[in-house]
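Below: run_33.pdb (PDB, C-alpha atoms)
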ATOM      1  CA  MET A  25     -30.671  76.775 -80.943
ATOM      2  CA  ARG A  26     -30.603  79.339 -78.202
ATOM      3  CA  SER A  27     -30.707  76.714 -75.468
ATOM      4  CA  SER A  28     -27.874  74.706 -77.100
ATOM      5  CA  ASN A  29     -25.753  77.856 -77.251
ATOM      6  CA  THR A  30     -26.475  78.461 -73.574
ATOM      7  CA  GLU A  31     -25.526  74.865 -72.807
ATOM      8  CA  ALA A  32     -22.303  75.200 -74.800
ATOM      9  CA  THR A  33     -21.412  78.410 -72.974
ATOM     10  CA  ARG A  34     -22.103  76.746 -69.609
ATOM     11  CA  THR A  35     -19.909  73.758 -70.569
ATOM     12  CA  LEU A  36     -17.100  76.011 -71.735
ATOM     13  CA  THR A  37     -17.325  77.998 -68.500
ATOM     14  CA  SER A  38     -17.129  74.824 -66.414
ATOM     15  CA  HIS A  39     -14.069  73.605 -68.380
ATOM     16  CA  LEU A  40     -12.383  76.978 -67.999
ATOM     17  CA  THR A  41     -13.111  76.873 -64.260
ATOM     18  CA  VAL A  42     -11.517  73.425 -63.892
ATOM     19  CA  CYS A  43      -8.525  74.608 -65.924
ATOM     20  CA  ALA A  44      -8.191  77.767 -63.781
ATOM     21  CA  VAL A  45      -8.412  75.735 -60.549
ATOM     22  CA  GLN A  46      -5.672  73.417 -61.791
ATOM     23  CA  LEU A  47      -3.437  76.323 -62.789
ATOM     24  CA  ALA A  48      -4.029  77.991 -59.411
ATOM     25  CA  LEU A  49      -3.137  74.761 -57.592
ATOM     26  CA  THR A  50       0.049  74.443 -59.663
ATOM     27  CA  ALA A  51       1.001  78.029 -58.791
ATOM     28  CA  LEU A  52       0.204  77.322 -55.135
ATOM     29  CA  ALA A  53       2.466  74.248 -55.148
ATOM     30  CA  VAL A  54       5.330  76.335 -56.560
ATOM     31  CA  LEU A  55       4.760  79.088 -53.972
ATOM     32  CA  VAL A  56       4.551  76.624 -51.086
ATOM     33  CA  SER A  57       7.790  74.962 -52.223
ATOM     34  CA  ARG A  58       9.570  78.338 -51.788
ATOM     35  CA  MET A  59       8.494  78.707 -48.149
ATOM     36  CA  SER A  60      11.143  78.363 -45.486
ATOM     37  CA  VAL A  61       9.739  75.592 -43.346
ATOM     38  CA  GLY A  62      11.112  72.203 -42.388
ATOM     39  CA  SER A  63      11.777  69.785 -45.248
ATOM     40  CA  HIS A  64       9.244  67.255 -43.942
ATOM     41  CA  ALA A  65       6.453  69.844 -43.563
ATOM     42  CA  LEU A  66       7.322  71.248 -46.989
ATOM     43  CA  ALA A  67       7.044  67.820 -48.616
ATOM     44  CA  VAL A  68       3.679  67.179 -46.926
ATOM     45  CA  ALA A  69       2.338  70.619 -47.942
ATOM     46  CA  VAL A  70       3.482  70.432 -51.589
ATOM     47  CA  MET A  71       2.280  66.859 -52.058
ATOM     48  CA  SER A  72      -1.070  67.716 -50.446
ATOM     49  CA  VAL A  73      -1.593  70.447 -53.043
ATOM     50  CA  ALA A  74      -0.558  68.006 -55.793
ATOM     51  CA  THR A  75      -3.013  65.417 -54.445
ATOM     52  CA  VAL A  76      -5.870  67.929 -54.583
ATOM     53  CA  ASN A  77      -4.838  68.776 -58.152
ATOM     54  CA  GLY A  78      -4.770  65.064 -59.002
ATOM     55  CA  LEU A  79      -8.232  64.611 -57.512
ATOM     56  CA  VAL A  80      -9.530  67.445 -59.701
ATOM     57  CA  VAL A  81      -8.244  65.582 -62.779
ATOM     58  CA  ALA A  82      -9.517  62.167 -61.636
ATOM     59  CA  LEU A  83     -12.976  63.306 -60.553
ATOM     60  CA  SER A  84     -13.699  66.224 -62.839
ATOM     61  CA  LEU A  85     -11.902  65.407 -66.107
ATOM     62  CA  MET A  86     -11.670  61.600 -66.017
ATOM     63  CA  GLY A  87     -14.988  61.280 -64.180
ATOM     64  CA  VAL A  88     -13.947  58.282 -62.093
ATOM     65  CA  ARG A  89     -17.240  58.337 -60.163
ATOM     66  CA  ARG A  90     -19.354  59.017 -63.270
ATOM     67  CA  HIS A  91     -18.499  55.804 -65.104
ATOM     68  CA  GLY A  92     -20.307  53.375 -62.795
ATOM     69  CA  TRP A  93     -19.430  50.827 -60.151
ATOM     70  CA  MET A  94     -16.872  48.900 -62.171
ATOM     71  CA  VAL A  95     -14.571  51.885 -62.753
ATOM     72  CA  SER A  96     -15.014  53.039 -59.142
ATOM     73  CA  THR A  97     -14.074  49.555 -57.878
ATOM     74  CA  LEU A  98     -11.079  49.420 -60.196
ATOM     75  CA  ALA A  99      -9.963  52.876 -59.004
ATOM     76  CA  VAL A 100     -10.247  51.832 -55.348
ATOM     77  CA  CYS A 101      -8.236  48.631 -56.001
ATOM     78  CA  VAL A 102      -5.488  50.600 -57.768
ATOM     79  CA  VAL A 103      -5.364  53.214 -54.995
ATOM     80  CA  VAL A 104      -5.047  50.457 -52.345
ATOM     81  CA  PHE A 105      -2.280  48.785 -54.395
ATOM     82  CA  ILE A 106      -0.381  52.037 -54.860
ATOM     83  CA  ALA A 107      -0.798  53.047 -51.214
ATOM     84  CA  GLY A 108       0.703  49.690 -50.245
ATOM     85  CA  LEU A 109       3.483  50.043 -52.764
ATOM     86  CA  LEU A 110       4.424  53.484 -51.443
ATOM     87  CA  THR A 111       3.745  52.817 -47.755
ATOM     88  CA  TRP A 112       5.763  49.625 -47.629
ATOM     89  CA  PRO A 113       9.127  51.200 -48.548
ATOM     90  CA  ALA A 114       8.305  54.181 -46.309
ATOM     91  CA  TRP A 115       7.763  51.810 -43.376
ATOM     92  CA  ASP A 116      10.721  49.663 -44.362
ATOM     93  CA  VAL A 117      13.207  52.524 -44.438
ATOM     94  CA  ALA A 118      11.610  54.479 -41.581
ATOM     95  CA  GLY A 119      14.434  53.677 -39.201
ATOM     96  CA  ARG A 120      17.289  54.637 -41.494
ATOM     97  CA  ALA A 121      15.822  57.013 -44.023
ATOM     98  CA  ARG A 122      16.899  60.595 -44.420
ATOM     99  CA  PRO A 123      14.002  63.064 -44.454
ATOM    100  CA  PHE A 124      12.973  64.758 -47.687
TER     101      PHE A 124
ATOM    102  CA  VAL B  17     -19.962  38.909 -86.910
ATOM    103  CA  GLU B  18     -20.964  41.931 -84.887
ATOM    104  CA  ILE B  19     -19.198  42.218 -81.559
ATOM    105  CA  PRO B  20     -21.713  43.130 -78.837
ATOM    106  CA  TYR B  21     -21.273  46.249 -76.717
ATOM    107  CA  SER B  22     -18.621  47.798 -78.962
ATOM    108  CA  VAL B  23     -20.719  50.977 -79.107
ATOM    109  CA  THR B  24     -23.507  50.680 -76.559
ATOM    110  CA  PRO B  25     -22.738  50.016 -72.878
ATOM    111  CA  ARG B  26     -23.333  46.639 -71.251
ATOM    112  CA  PRO B  27     -26.356  46.849 -68.945
ATOM    113  CA  ASP B  28     -24.531  45.270 -65.988
ATOM    114  CA  THR B  29     -21.280  47.256 -66.067
ATOM    115  CA  GLY B  30     -22.548  50.406 -67.759
ATOM    116  CA  LEU B  31     -19.438  50.391 -69.966
ATOM    117  CA  TYR B  32     -18.859  49.627 -73.626
ATOM    118  CA  ASN B  33     -15.936  47.327 -74.455
ATOM    119  CA  GLY B  34     -13.528  50.091 -75.399
ATOM    120  CA  LYS B  35     -14.124  52.041 -72.208
ATOM    121  CA  LEU B  36     -13.619  48.989 -70.006
ATOM    122  CA  GLY B  37     -10.446  48.263 -71.976
ATOM    123  CA  ILE B  38      -9.012  51.758 -71.580
ATOM    124  CA  TRP B  39      -9.754  51.802 -67.825
ATOM    125  CA  LEU B  40      -8.004  48.443 -67.349
ATOM    126  CA  PHE B  41      -5.091  49.735 -69.425
ATOM    127  CA  LEU B  42      -4.901  52.935 -67.335
ATOM    128  CA  ALA B  43      -4.964  50.862 -64.129
ATOM    129  CA  SER B  44      -1.961  48.875 -65.363
ATOM    130  CA  GLU B  45      -0.230  52.090 -66.430
ATOM    131  CA  LEU B  46      -0.810  53.596 -63.003
ATOM    132  CA  MET B  47       0.831  50.550 -61.447
ATOM    133  CA  LEU B  48       3.834  51.004 -63.751
ATOM    134  CA  PHE B  49       4.247  54.598 -62.623
ATOM    135  CA  ALA B  50       3.600  53.619 -58.996
ATOM    136  CA  GLY B  51       6.524  51.198 -59.247
ATOM    137  CA  LEU B  52       8.722  53.992 -60.575
ATOM    138  CA  PHE B  53       7.539  56.403 -57.854
ATOM    139  CA  SER B  54       8.249  53.730 -55.258
ATOM    140  CA  SER B  55      11.793  53.397 -56.657
ATOM    141  CA  TYR B  56      12.155  57.170 -56.445
ATOM    142  CA  PHE B  57      11.164  57.200 -52.753
ATOM    143  CA  LEU B  58      13.520  54.325 -51.940
ATOM    144  CA  LEU B  59      16.432  55.951 -53.766
ATOM    145  CA  ARG B  60      15.766  59.345 -52.243
ATOM    146  CA  THR B  61      15.295  58.219 -48.649
ATOM    147  CA  GLY B  62      18.282  55.899 -48.914
ATOM    148  CA  SER B  63      20.754  58.395 -50.353
ATOM    149  CA  ALA B  64      23.232  60.370 -48.245
ATOM    150  CA  ALA B  65      22.538  63.599 -50.167
ATOM    151  CA  TRP B  66      19.866  64.712 -52.613
ATOM    152  CA  PRO B  67      20.164  67.763 -54.891
ATOM    153  CA  HIS B  68      17.572  70.543 -54.538
ATOM    154  CA  HIS B  69      16.383  73.027 -57.180
ATOM    155  CA  VAL B  70      18.778  71.853 -59.896
ATOM    156  CA  LEU B  71      15.977  71.437 -62.423
ATOM    157  CA  PRO B  72      14.395  74.404 -64.259
ATOM    158  CA  VAL B  73      11.186  75.141 -62.308
ATOM    159  CA  VAL B  74       9.965  77.879 -64.691
ATOM    160  CA  MET B  75      10.219  75.574 -67.711
ATOM    161  CA  ALA B  76       8.476  72.749 -65.855
ATOM    162  CA  THR B  77       5.711  75.062 -64.573
ATOM    163  CA  LEU B  78       5.122  76.231 -68.131
ATOM    164  CA  ASN B  79       4.936  72.601 -69.238
ATOM    165  CA  THR B  80       2.424  71.868 -66.472
ATOM    166  CA  ALA B  81       0.222  74.742 -67.645
ATOM    167  CA  ILE B  82       0.481  73.496 -71.245
ATOM    168  CA  LEU B  83      -0.557  69.979 -70.255
ATOM    169  CA  ILE B  84      -3.486  71.287 -68.184
ATOM    170  CA  ALA B  85      -4.641  73.415 -71.143
ATOM    171  CA  SER B  86      -4.324  70.406 -73.471
ATOM    172  CA  SER B  87      -6.559  68.364 -71.156
ATOM    173  CA  MET B  88      -9.214  71.050 -71.506
ATOM    174  CA  THR B  89      -8.973  71.148 -75.316
ATOM    175  CA  MET B  90      -9.193  67.336 -75.367
ATOM    176  CA  VAL B  91     -12.480  67.370 -73.434
ATOM    177  CA  MET B  92     -13.812  70.025 -75.783
ATOM    178  CA  ALA B  93     -12.792  67.973 -78.832
ATOM    179  CA  TRP B  94     -14.863  65.075 -77.538
ATOM    180  CA  GLU B  95     -17.819  67.263 -76.566
ATOM    181  CA  ALA B  96     -17.849  68.817 -80.035
ATOM    182  CA  LEU B  97     -18.587  65.337 -81.406
ATOM    183  CA  ALA B  98     -21.575  65.041 -79.079
ATOM    184  CA  THR B  99     -23.054  68.124 -80.758
ATOM    185  CA  ASN B 100     -22.085  66.889 -84.244
ATOM    186  CA  ASN B 101     -19.726  69.828 -84.690
ATOM    187  CA  TRP B 102     -17.025  68.194 -86.797
ATOM    188  CA  SER B 103     -14.960  71.296 -87.563
ATOM    189  CA  LYS B 104     -14.881  72.305 -83.900
ATOM    190  CA  HIS B 105     -13.776  68.783 -82.993
ATOM    191  CA  ARG B 106     -10.916  68.950 -85.507
ATOM    192  CA  THR B 107      -9.846  72.375 -84.254
ATOM    193  CA  TYR B 108      -9.723  71.290 -80.597
ATOM    194  CA  LEU B 109      -7.994  67.988 -81.406
ATOM    195  CA  LEU B 110      -5.410  69.852 -83.482
ATOM    196  CA  LEU B 111      -4.921  72.285 -80.583
ATOM    197  CA  THR B 112      -4.359  69.340 -78.235
ATOM    198  CA  VAL B 113      -1.750  67.901 -80.605
ATOM    199  CA  ALA B 114      -0.058  71.307 -80.839
ATOM    200  CA  LEU B 115       0.061  71.697 -77.051
ATOM    201  CA  GLY B 116       1.400  68.150 -76.616
ATOM    202  CA  THR B 117       4.087  68.867 -79.208
ATOM    203  CA  ILE B 118       5.075  72.079 -77.403
ATOM    204  CA  PHE B 119       5.348  70.070 -74.169
ATOM    205  CA  LEU B 120       7.746  67.639 -75.849
ATOM    206  CA  ALA B 121       9.727  70.499 -77.436
ATOM    207  CA  ILE B 122      10.218  72.146 -74.029
ATOM    208  CA  LYS B 123      11.238  68.780 -72.573
ATOM    209  CA  PHE B 124      13.765  68.414 -75.402
ATOM    210  CA  VAL B 125      15.235  71.853 -74.605
ATOM    211  CA  GLU B 126      15.422  70.902 -70.920
ATOM    212  CA  TYR B 127      17.220  67.635 -71.713
ATOM    213  CA  SER B 128      19.603  69.473 -74.068
ATOM    214  CA  HIS B 129      20.628  71.885 -71.287
ATOM    215  CA  HIS B 130      21.310  69.035 -68.888
ATOM    216  CA  ILE B 131      23.222  67.000 -71.439
ATOM    217  CA  ALA B 132      25.307  70.064 -72.401
ATOM    218  CA  ALA B 133      26.114  70.554 -68.704
ATOM    219  CA  GLY B 134      27.257  66.948 -68.480
ATOM    220  CA  GLU B 135      24.276  65.932 -66.346
ATOM    221  CA  LEU B 136      23.558  62.477 -67.693
ATOM    222  CA  PRO B 137      21.674  59.474 -66.284
ATOM    223  CA  SER B 138      25.068  58.030 -65.380
ATOM    224  CA  SER B 139      26.055  61.170 -63.417
ATOM    225  CA  ASN B 140      24.229  60.292 -60.202
ATOM    226  CA  THR B 141      21.116  58.594 -58.798
ATOM    227  CA  PHE B 142      19.086  61.799 -58.972
ATOM    228  CA  PHE B 143      19.603  62.253 -62.714
ATOM    229  CA  ALA B 144      19.118  58.524 -63.314
ATOM    230  CA  ILE B 145      15.618  58.570 -61.782
ATOM    231  CA  TYR B 146      14.864  62.024 -63.271
ATOM    232  CA  TYR B 147      15.580  60.842 -66.821
ATOM    233  CA  THR B 148      13.759  57.542 -66.273
ATOM    234  CA  LEU B 149      10.572  59.098 -64.898
ATOM    235  CA  THR B 150      10.386  62.025 -67.315
ATOM    236  CA  ALA B 151      11.367  59.974 -70.379
ATOM    237  CA  VAL B 152       8.739  57.298 -69.655
ATOM    238  CA  HIS B 153       6.192  60.101 -69.249
ATOM    239  CA  ALA B 154       7.362  61.811 -72.465
ATOM    240  CA  LEU B 155       6.988  58.484 -74.306
ATOM    241  CA  HIS B 156       3.383  58.360 -73.120
ATOM    242  CA  ILE B 157       2.830  61.882 -74.452
ATOM    243  CA  ALA B 158       4.330  60.861 -77.790
ATOM    244  CA  GLY B 159       2.090  57.763 -77.895
ATOM    245  CA  GLY B 160      -0.991  59.898 -77.258
ATOM    246  CA  LEU B 161       0.027  62.287 -80.033
ATOM    247  CA  VAL B 162       0.391  59.420 -82.515
ATOM    248  CA  VAL B 163      -3.155  58.227 -81.746
ATOM    249  CA  MET B 164      -4.569  61.759 -82.029
ATOM    250  CA  LEU B 165      -2.790  62.281 -85.363
ATOM    251  CA  TYR B 166      -4.358  59.025 -86.530
ATOM    252  CA  PHE B 167      -7.810  60.388 -85.649
ATOM    253  CA  LEU B 168      -7.008  63.609 -87.482
ATOM    254  CA  GLY B 169      -5.830  61.593 -90.512
ATOM    255  CA  PRO B 170      -6.896  58.129 -91.681
ATOM    256  CA  GLY B 171      -8.918  57.312 -88.536
ATOM    257  CA  ALA B 172     -11.290  60.225 -89.223
ATOM    258  CA  LYS B 173     -13.081  58.146 -91.882
ATOM    259  CA  LEU B 174     -14.850  56.218 -89.118
ATOM    260  CA  TRP B 175     -16.910  59.336 -88.334
ATOM    261  CA  THR B 176     -18.824  58.968 -91.615
ATOM    262  CA  VAL B 177     -19.355  55.202 -91.166
ATOM    263  CA  ASN B 178     -20.047  54.939 -87.429
ATOM    264  CA  PRO B 179     -20.041  58.299 -85.603
ATOM    265  CA  ASP B 180     -20.887  56.788 -82.199
ATOM    266  CA  GLN B 181     -17.930  54.424 -82.322
ATOM    267  CA  PHE B 182     -15.665  57.276 -83.419
ATOM    268  CA  ALA B 183     -16.862  59.410 -80.483
ATOM    269  CA  ASN B 184     -16.222  56.483 -78.127
ATOM    270  CA  ARG B 185     -12.676  56.146 -79.445
ATOM    271  CA  VAL B 186     -12.016  59.850 -78.975
ATOM    272  CA  GLU B 187     -13.371  59.546 -75.433
ATOM    273  CA  ALA B 188     -10.911  56.689 -74.755
ATOM    274  CA  VAL B 189      -8.003  58.803 -76.050
ATOM    275  CA  GLY B 190      -9.250  61.648 -73.874
ATOM    276  CA  LEU B 191      -9.169  59.444 -70.780
ATOM    277  CA  TYR B 192      -5.620  58.414 -71.635
ATOM    278  CA  TRP B 193      -4.614  62.051 -72.140
ATOM    279  CA  HIS B 194      -6.053  63.065 -68.740
ATOM    280  CA  PHE B 195      -4.135  60.181 -67.192
ATOM    281  CA  VAL B 196      -0.888  61.546 -68.668
ATOM    282  CA  ASP B 197      -1.795  64.929 -67.160
ATOM    283  CA  PHE B 198      -2.553  63.198 -63.828
ATOM    284  CA  VAL B 199       0.887  61.530 -63.710
ATOM    285  CA  TRP B 200       2.675  64.792 -64.531
ATOM    286  CA  ILE B 201       0.846  66.563 -61.673
ATOM    287  CA  PHE B 202       2.747  64.290 -59.254
ATOM    288  CA  LEU B 203       6.025  64.142 -61.197
ATOM    289  CA  PHE B 204       6.343  67.919 -61.290
ATOM    290  CA  PRO B 205       6.467  68.596 -57.505
ATOM    291  CA  LEU B 206       8.486  65.472 -56.709
ATOM    292  CA  LEU B 207      11.269  66.207 -59.176
ATOM    293  CA  TYR B 208      11.235  69.980 -59.556
ATOM    294  CA  LEU B 209       9.885  71.427 -56.302
ATOM    295  CA  LEU B 210      11.046  69.180 -53.463
TER     296      LEU B 210
END
Rewrite the structure of this file - the entire thing - as structure tokens.
Amino acid sequence: MRSSNTEATRTLTSHLTVCAVQLALTALAVLVSRMSVGSHALAVAVMSVATVNGLVVALSLMGVRRHGWMVSTLAVCVVVFIAGLLTWPAWDVAGRARPF
Amino acid sequence: VEIPYSVTPRPDTGLYNGKLGIWLFLASELMLFAGLFSSYFLLRTGSAAWPHHVLPVVMATLNTAILIASSMTMVMAWEALATNNWSKHRTYLLLTVALGTIFLAIKFVEYSHHIAAGELPSSNTFFAIYYTLTAVHALHIAGGLVVMLYFLGPGAKLWTVNPDQFANRVEAVGLYWHFVDFVWIFLFPLLYLL
């Protein structure tokens, strides 16, 4: 009973830590967005923070790497697809696009 | 006829049917949102002007915190089942539903302010993509809430018949709920901060 309580406390602590990290990253994204730097650098900085936050959700909460090779493969395929989907218009409009 | 691997994982994939199904569903959902994000980038980079800081950042930050907290309560609802703690599971699932409902209520208030100010999807490209992205996301939240309410109501009977299958179903809903959180983490900076 004692060990299960200890385990439960450890689990709760780890969940609270993940939650706190996510909240801190959200606050950081808001703070970074208020900085007076160039619009391109700002977009890169804010989206980098968001990407880290997204990775915390995908790896820690969804456990993408925990569920075996099939889920990992599926995740890689989706990431490649999305990267292509987002990179293609970025490349396509590179010559005429206005910066963020 | 008993369907194989509906509760136990297949030896080759390590996944039971429901989990494979939810991951394939989430992959397709991610592609849907990726298409919408791609549209957003095209519209934004192609427009002559783009409004900045016209959306309520404080309200959206609060909503982000609520969604993050709901992800945590969702995990705890599922873990409570692993320790056979039914009442704890119900409490955490109910908390998740409450937090999801608060998220939608705040979104409703946000929409009301914009509509009252005459900022409609037809106003400009920015509001068109803002309403599209956030409304599709809000629909996903609402869908998740319906499933969770089912597990709090009539779906809860499965726990007495087949507790492992019930736990698997709650895990699948949890994965979906984290996915909704994941999408919002990118929507929030793109629409509200940049």
Can you pull out every residue within 10 Å of Met86 (chain A), counting only C-alpha atoms, but drop anything in the same chain fewer than 3 positions away, and send it as a ChimeraX atom specification? /A:79-83,89-91 /B:87,91,187,190-195,198
Please report, as a tab-separated table, each residue of chain B lying at most 9 Å from chain A, together with the nearest pair of atoms and the separation in Å rounded to one decimal; use all atoms listed in the file, and order rows by chain and ascending residue number.
residue	atom	partner	partner_atom	distance
B:Thr29	CA	A:Met94	CA	6.1
B:Gly30	CA	A:Gly92	CA	6.2
B:Leu31	CA	A:His91	CA	7.3
B:Leu36	CA	A:Val95	CA	7.9
B:Trp39	CA	A:Val95	CA	7.0
B:Leu40	CA	A:Leu98	CA	7.8
B:Ala43	CA	A:Val102	CA	6.4
B:Ser44	CA	A:Val102	CA	8.5
B:Leu46	CA	A:Val102	CA	7.6
B:Met47	CA	A:Ile106	CA	6.9
B:Ala50	CA	A:Ile106	CA	6.0
B:Gly51	CA	A:Leu109	CA	7.3
B:Phe53	CA	A:Leu110	CA	7.7
B:Ser54	CA	A:Leu110	CA	5.4
B:Ser55	CA	A:Pro113	CA	8.8
B:Phe57	CA	A:Pro113	CA	7.6
B:Leu58	CA	A:Pro113	CA	6.4
B:Arg60	CA	A:Phe124	CA	7.6
B:Thr61	CA	A:Ala121	CA	4.8
B:Gly62	CA	A:Ala121	CA	5.6
B:Ser63	CA	A:Arg122	CA	7.4
B:Ala64	CA	A:Arg122	CA	7.4
B:Ala65	CA	A:Arg122	CA	8.6
B:Trp66	CA	A:Phe124	CA	8.5
B:Val73	CA	A:Val54	CA	8.3
B:Thr77	CA	A:Thr50	CA	7.5
B:Thr80	CA	A:Thr50	CA	7.7
B:Ala81	CA	A:Leu47	CA	6.3
B:Ile84	CA	A:Cys43	CA	6.4
B:Ala85	CA	A:Cys43	CA	6.6
B:Ser87	CA	A:Leu85	CA	7.9
B:Met88	CA	A:His39	CA	6.3
B:Thr89	CA	A:His39	CA	9.0
B:Val91	CA	A:Leu85	CA	7.6
B:Met92	CA	A:Leu36	CA	7.9
B:Thr99	CA	A:Ser28	CA	8.9
B:Gly190	CA	A:Met86	CA	8.2
B:Leu191	CA	A:Met86	CA	5.8
B:Tyr192	CA	A:Met86	CA	8.8
B:His194	CA	A:Met86	CA	6.4
B:Phe195	CA	A:Met86	CA	7.8
B:Asp197	CA	A:Val81	CA	7.8
B:Phe198	CA	A:Gly78	CA	5.6
B:Val199	CA	A:Gly78	CA	8.2
B:Ile201	CA	A:Ala74	CA	6.2
B:Phe202	CA	A:Ala74	CA	6.1
B:Phe204	CA	A:Ala74	CA	8.8
B:Pro205	CA	A:Val70	CA	6.9
B:Leu206	CA	A:Met71	CA	7.9
B:Leu209	CA	A:Ser57	CA	5.8
B:Leu210	CA	A:Ala67	CA	6.4
Kindly give the distance, in Å, that separates CA of Phe49 (chain B) and CA of Val152 (chain B), rounded to a single decimal.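 Spanning CA of Phe49 (chain B) to CA of Val152 (chain B) is a straight-line distance of 8.8 Å.
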Please work out which residues fall within 12 Å of (-17.1, 69.5, -81.6), coordinates as given in the file, with all atoms listed in the file counting, and return them as an MDAnalysis selection string. (chainID A and resid 32 36) or (chainID B and resid 89:110 183 186)
Residue nearest Tyr208 (chain B) - candidates B:Tyr32, B:Tyr146, B:Phe119, B:Phe124, atoms counted: only C-alpha atoms: B:Tyr146
At what distance in Å, to one decimal, does CA of Glu135 (chain B) lie from CA of Gly159 (chain B)? 26.3 Å
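Between CA of Leu83 (chain B) and CA of Val113 (chain B) lies a distance of 10.6 Å.
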Choose the residue, out of B:Pro27, B:Leu115, B:Phe142, B:Leu149, that has the smallest atom-to-atom separation from His68 (chain B); count all atoms listed in the file.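 With all atoms listed in the file as the atom set, the closest residue is B:Phe142.
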So which residues get picked by the PyMOL selection byres ((chain B and resi 33) around 10) here, written as JSON, numbers by chain? {"B": [19, 20, 21, 22, 23, 24, 25, 26, 29, 30, 31, 32, 34, 35, 36, 37, 38, 184]}
The centre and edge lengths of an axis-aligned box containing all atoms of region 57-64 of chain A present in the file, extended by 4 Å on each side, are to be given in Å to one decimal, as lines of an AutoDock Vina configuration file.
center_x = 9.8
center_y = 73.0
center_z = -47.3
size_x = 12.0
size_y = 19.5
size_z = 17.8
Quick one: of B:Ser86, B:Tyr127, B:Ala172, B:Val163, who's nearest to Tyr147 (chain B), counting all atoms listed in the file? B:Tyr127
